[in-house]
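Following: one structure in structure tokens, then a few remarks.
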Amino acid sequence: MSTKGSPFDAKVTSIESLKQGKWIQTKLINYDDPNGNHRQWEMAVRTTRTDTTNVDAVSIVSVLDHKNKSKEIVLVKQFRPPCEQVVIELPAGLIDPKESIESTAVRELHEETGYHGTFEKQSVITYSDPGLTNANMVLAYVNVDLTKEENQNPKPQLEDGEFIITFSLPLDNLLEEIEKMCKEEKCTVDARLYHFAMGLKLAKELNL
């Protein structure tokens, strides 16, 4: 409930460029709030979004269905300069020009983890930090068949400059395992993955 006007009544009136970077641009947004008052907002945008999907990136959920132990989710660890820390994340990547969401998800999973997968489905378009940027992504579900020979000994196909550790954690206690790893290894975790893990924990506790 809002007593100050509906947020649905706000509208952007113009967007101006600020100082530009190669991969990231900053822009100044002029907009009218629900009461008609002119306001401004600084934002960051990616320079790489393509017309093919109008989506910047995919984040990938792949569950390993082992025969002799509980199901695990494929994760990665890599150093993120803006955070100045190693971050635990879902495999993810930017969509290349003329590339589809489906092919991006399969390609990025193979490049970052070595697993060969089959695209299953995707989420709606999501925004992870809408107060800062219009960067968006979809959550892609990619199935990994562990019975296939190509997935017996997966080898990542990392690009120059990529230094990624691939690993997996059990779904049953994912949140606890992530928090334990953060504490022991002095790393941190991507918010989307943490929320995913918290959702699993709540569903389990509430018997959903």
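Following the order of the structure tokens, first chain is A, next is B, and so on, with residues numbered from 1 inside each chain and ligands from 1 in the order they appear.
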message: I'd like to know which residues of segment 99-174 of chain A are alpha helix (DSSP H) (by DSSP, run on the backbone); could you write them as a ChimeraX atom specification?
response: /A:101-113,174
List every residue of segment 85-177 of chain A that has an atom at most 9 Å from any atom of segment 33-52 of chain A, giving for each one its closest atom pair and the distance in Å to one decimal, counting only C-alpha atoms, sorted by chain and then by ascending residue number, as JSON lines.
{"residue": "A:Leu94", "atom": "CA", "partner": "A:Thr48", "partner_atom": "CA", "distance": 8.0}
{"residue": "A:Ile95", "atom": "CA", "partner": "A:Arg49", "partner_atom": "CA", "distance": 7.5}
{"residue": "A:Asp96", "atom": "CA", "partner": "A:Thr50", "partner_atom": "CA", "distance": 7.3}
{"residue": "A:Pro97", "atom": "CA", "partner": "A:Thr50", "partner_atom": "CA", "distance": 5.6}
{"residue": "A:Lys98", "atom": "CA", "partner": "A:Thr52", "partner_atom": "CA", "distance": 5.5}
{"residue": "A:Glu99", "atom": "CA", "partner": "A:Thr52", "partner_atom": "CA", "distance": 6.8}
{"residue": "A:Ser100", "atom": "CA", "partner": "A:Thr52", "partner_atom": "CA", "distance": 7.0}
{"residue": "A:Gly131", "atom": "CA", "partner": "A:Met43", "partner_atom": "CA", "distance": 7.8}
{"residue": "A:Leu132", "atom": "CA", "partner": "A:Met43", "partner_atom": "CA", "distance": 5.3}
{"residue": "A:Thr133", "atom": "CA", "partner": "A:Ala44", "partner_atom": "CA", "distance": 4.7}
{"residue": "A:Asn134", "atom": "CA", "partner": "A:Val45", "partner_atom": "CA", "distance": 5.9}
{"residue": "A:Ala135", "atom": "CA", "partner": "A:Val45", "partner_atom": "CA", "distance": 6.2}
Hey, which bits of segment 55-149 of chain A sit within 8 Å of segment 157-175 of chain A, and for each residue what's the closest pair of atoms and how far apart in Å (one decimal), counting only C-alpha atoms, rows by chain and increasing number, as JSON lines?
{"residue": "A:Ser70", "atom": "CA", "partner": "A:Pro170", "partner_atom": "CA", "distance": 6.5}
{"residue": "A:Lys71", "atom": "CA", "partner": "A:Pro170", "partner_atom": "CA", "distance": 5.8}
{"residue": "A:Glu72", "atom": "CA", "partner": "A:Pro170", "partner_atom": "CA", "distance": 4.1}
{"residue": "A:Ile73", "atom": "CA", "partner": "A:Ser168", "partner_atom": "CA", "distance": 5.3}
{"residue": "A:Val74", "atom": "CA", "partner": "A:Ser168", "partner_atom": "CA", "distance": 4.5}
{"residue": "A:Leu75", "atom": "CA", "partner": "A:Ser168", "partner_atom": "CA", "distance": 5.4}
{"residue": "A:Val76", "atom": "CA", "partner": "A:Thr166", "partner_atom": "CA", "distance": 4.5}
{"residue": "A:Lys77", "atom": "CA", "partner": "A:Ile165", "partner_atom": "CA", "distance": 5.1}
{"residue": "A:Gln78", "atom": "CA", "partner": "A:Ile164", "partner_atom": "CA", "distance": 4.9}
{"residue": "A:Phe79", "atom": "CA", "partner": "A:Phe163", "partner_atom": "CA", "distance": 7.7}
{"residue": "A:His110", "atom": "CA", "partner": "A:Gln157", "partner_atom": "CA", "distance": 6.9}
{"residue": "A:Glu111", "atom": "CA", "partner": "A:Gln157", "partner_atom": "CA", "distance": 4.3}
{"residue": "A:Glu112", "atom": "CA", "partner": "A:Leu158", "partner_atom": "CA", "distance": 6.0}
{"residue": "A:Thr113", "atom": "CA", "partner": "A:Thr166", "partner_atom": "CA", "distance": 5.6}
{"residue": "A:Gly114", "atom": "CA", "partner": "A:Gln157", "partner_atom": "CA", "distance": 6.5}
Selection to disk with all heavy atoms, as a short mmCIF file (atom, residue, chain, number, x, y, z; two decimals), in the first residue's frame:
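Below is the file that was written, out_31.cif:
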data_model
loop_
_atom_site.label_atom_id
_atom_site.label_comp_id
_atom_site.auth_asym_id
_atom_site.auth_seq_id
_atom_site.Cartn_x
_atom_site.Cartn_y
_atom_site.Cartn_z
N SER A 70 23.24 -38.13 -2.97
CA SER A 70 22.18 -37.14 -3.17
C SER A 70 22.48 -36.21 -4.33
O SER A 70 23.63 -36.06 -4.76
CB SER A 70 21.98 -36.32 -1.89
OG SER A 70 23.16 -35.62 -1.56
N LYS A 71 21.45 -35.56 -4.84
CA LYS A 71 21.59 -34.65 -5.96
C LYS A 71 22.45 -33.44 -5.58
O LYS A 71 22.38 -32.95 -4.45
CB LYS A 71 20.22 -34.17 -6.42
CG LYS A 71 19.36 -35.26 -7.03
CD LYS A 71 18.01 -34.71 -7.48
CE LYS A 71 17.17 -35.82 -8.10
NZ LYS A 71 15.85 -35.32 -8.57
N GLU A 72 23.24 -32.99 -6.54
CA GLU A 72 24.11 -31.83 -6.31
C GLU A 72 23.89 -30.79 -7.40
O GLU A 72 23.46 -31.11 -8.52
CB GLU A 72 25.58 -32.26 -6.31
CG GLU A 72 25.94 -33.20 -5.18
CD GLU A 72 27.41 -33.58 -5.22
OE1 GLU A 72 27.95 -33.77 -6.33
OE2 GLU A 72 28.01 -33.69 -4.14
N ILE A 73 24.19 -29.54 -7.08
CA ILE A 73 24.08 -28.46 -8.05
C ILE A 73 25.49 -28.03 -8.45
O ILE A 73 26.40 -27.97 -7.62
CB ILE A 73 23.28 -27.27 -7.48
CG1 ILE A 73 23.02 -26.23 -8.58
CG2 ILE A 73 23.96 -26.65 -6.28
CD1 ILE A 73 22.01 -25.17 -8.17
N VAL A 74 25.66 -27.74 -9.73
CA VAL A 74 26.95 -27.33 -10.26
C VAL A 74 27.18 -25.85 -9.97
O VAL A 74 26.34 -25.00 -10.29
CB VAL A 74 27.03 -27.57 -11.79
CG1 VAL A 74 28.39 -27.12 -12.33
CG2 VAL A 74 26.78 -29.03 -12.11
N LEU A 75 28.33 -25.53 -9.37
CA LEU A 75 28.66 -24.16 -9.00
C LEU A 75 30.08 -23.81 -9.45
O LEU A 75 30.85 -24.70 -9.82
CB LEU A 75 28.54 -23.97 -7.48
CG LEU A 75 27.17 -24.26 -6.86
CD1 LEU A 75 27.25 -24.16 -5.35
CD2 LEU A 75 26.12 -23.31 -7.42
N VAL A 76 30.39 -22.54 -9.40
CA VAL A 76 31.74 -22.08 -9.74
C VAL A 76 32.21 -21.07 -8.71
O VAL A 76 31.41 -20.43 -8.02
CB VAL A 76 31.79 -21.44 -11.16
CG1 VAL A 76 31.44 -22.47 -12.23
CG2 VAL A 76 30.88 -20.23 -11.26
N LYS A 77 33.52 -20.93 -8.64
CA LYS A 77 34.14 -19.89 -7.81
C LYS A 77 35.11 -19.12 -8.70
O LYS A 77 35.89 -19.72 -9.43
CB LYS A 77 34.91 -20.50 -6.63
CG LYS A 77 34.03 -21.07 -5.54
CD LYS A 77 34.85 -21.56 -4.36
CE LYS A 77 35.47 -22.91 -4.64
NZ LYS A 77 36.07 -23.53 -3.44
N GLN A 78 35.03 -17.78 -8.62
CA GLN A 78 35.99 -16.97 -9.37
C GLN A 78 36.17 -15.62 -8.68
O GLN A 78 35.28 -15.14 -7.97
CB GLN A 78 35.55 -16.77 -10.82
CG GLN A 78 34.20 -16.11 -11.01
CD GLN A 78 33.83 -16.04 -12.49
OE1 GLN A 78 34.64 -15.65 -13.33
NE2 GLN A 78 32.61 -16.41 -12.82
N PHE A 79 37.33 -15.02 -8.91
CA PHE A 79 37.62 -13.72 -8.33
C PHE A 79 36.86 -12.64 -9.09
O PHE A 79 36.91 -12.58 -10.32
CB PHE A 79 39.12 -13.43 -8.40
CG PHE A 79 39.50 -12.09 -7.84
CD1 PHE A 79 39.50 -11.86 -6.48
CD2 PHE A 79 39.84 -11.05 -8.69
CE1 PHE A 79 39.85 -10.62 -5.96
CE2 PHE A 79 40.19 -9.80 -8.19
CZ PHE A 79 40.19 -9.58 -6.82
N HIS A 110 29.29 -25.54 -20.64
CA HIS A 110 30.43 -26.35 -21.10
C HIS A 110 31.74 -25.61 -20.91
O HIS A 110 32.73 -26.18 -20.44
CB HIS A 110 30.25 -26.72 -22.57
CG HIS A 110 31.36 -27.57 -23.10
ND1 HIS A 110 32.15 -27.18 -24.15
CD2 HIS A 110 31.85 -28.77 -22.68
CE1 HIS A 110 33.06 -28.11 -24.38
NE2 HIS A 110 32.90 -29.08 -23.50
N GLU A 111 31.77 -24.32 -21.26
CA GLU A 111 33.01 -23.56 -21.15
C GLU A 111 33.48 -23.43 -19.70
O GLU A 111 34.67 -23.57 -19.41
CB GLU A 111 32.83 -22.17 -21.76
CG GLU A 111 32.70 -22.17 -23.28
CD GLU A 111 32.49 -20.77 -23.85
OE1 GLU A 111 32.40 -19.81 -23.06
OE2 GLU A 111 32.41 -20.65 -25.07
N GLU A 112 32.55 -23.17 -18.79
CA GLU A 112 32.93 -22.90 -17.40
C GLU A 112 33.10 -24.17 -16.57
O GLU A 112 33.86 -24.17 -15.59
CB GLU A 112 31.91 -21.97 -16.74
CG GLU A 112 31.93 -20.56 -17.30
CD GLU A 112 31.20 -19.56 -16.41
OE1 GLU A 112 30.64 -19.98 -15.38
OE2 GLU A 112 31.21 -18.37 -16.76
N THR A 113 32.37 -25.23 -16.91
CA THR A 113 32.38 -26.43 -16.06
C THR A 113 32.83 -27.69 -16.77
O THR A 113 33.18 -28.68 -16.11
CB THR A 113 30.98 -26.69 -15.48
OG1 THR A 113 30.11 -27.18 -16.51
CG2 THR A 113 30.39 -25.43 -14.87
N GLY A 114 32.79 -27.71 -18.09
CA GLY A 114 33.14 -28.91 -18.85
C GLY A 114 31.96 -29.84 -19.09
O GLY A 114 32.06 -30.77 -19.89
#
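Nearest residue to Thr126 of chain A among A:Lys180, A:Lys19, A:Arg192, A:His66 is A:Arg192, counting only C-alpha atoms.
One finds atom CA of Ile178 of chain A at 28.4 Å from atom CA of Lys148 of chain A.
Distances to Lys11 of chain A were evaluated for A:Phe119, A:Ile24, A:Ile29, A:Leu64 using only C-alpha atoms, and the minimum falls at A:Ile29.
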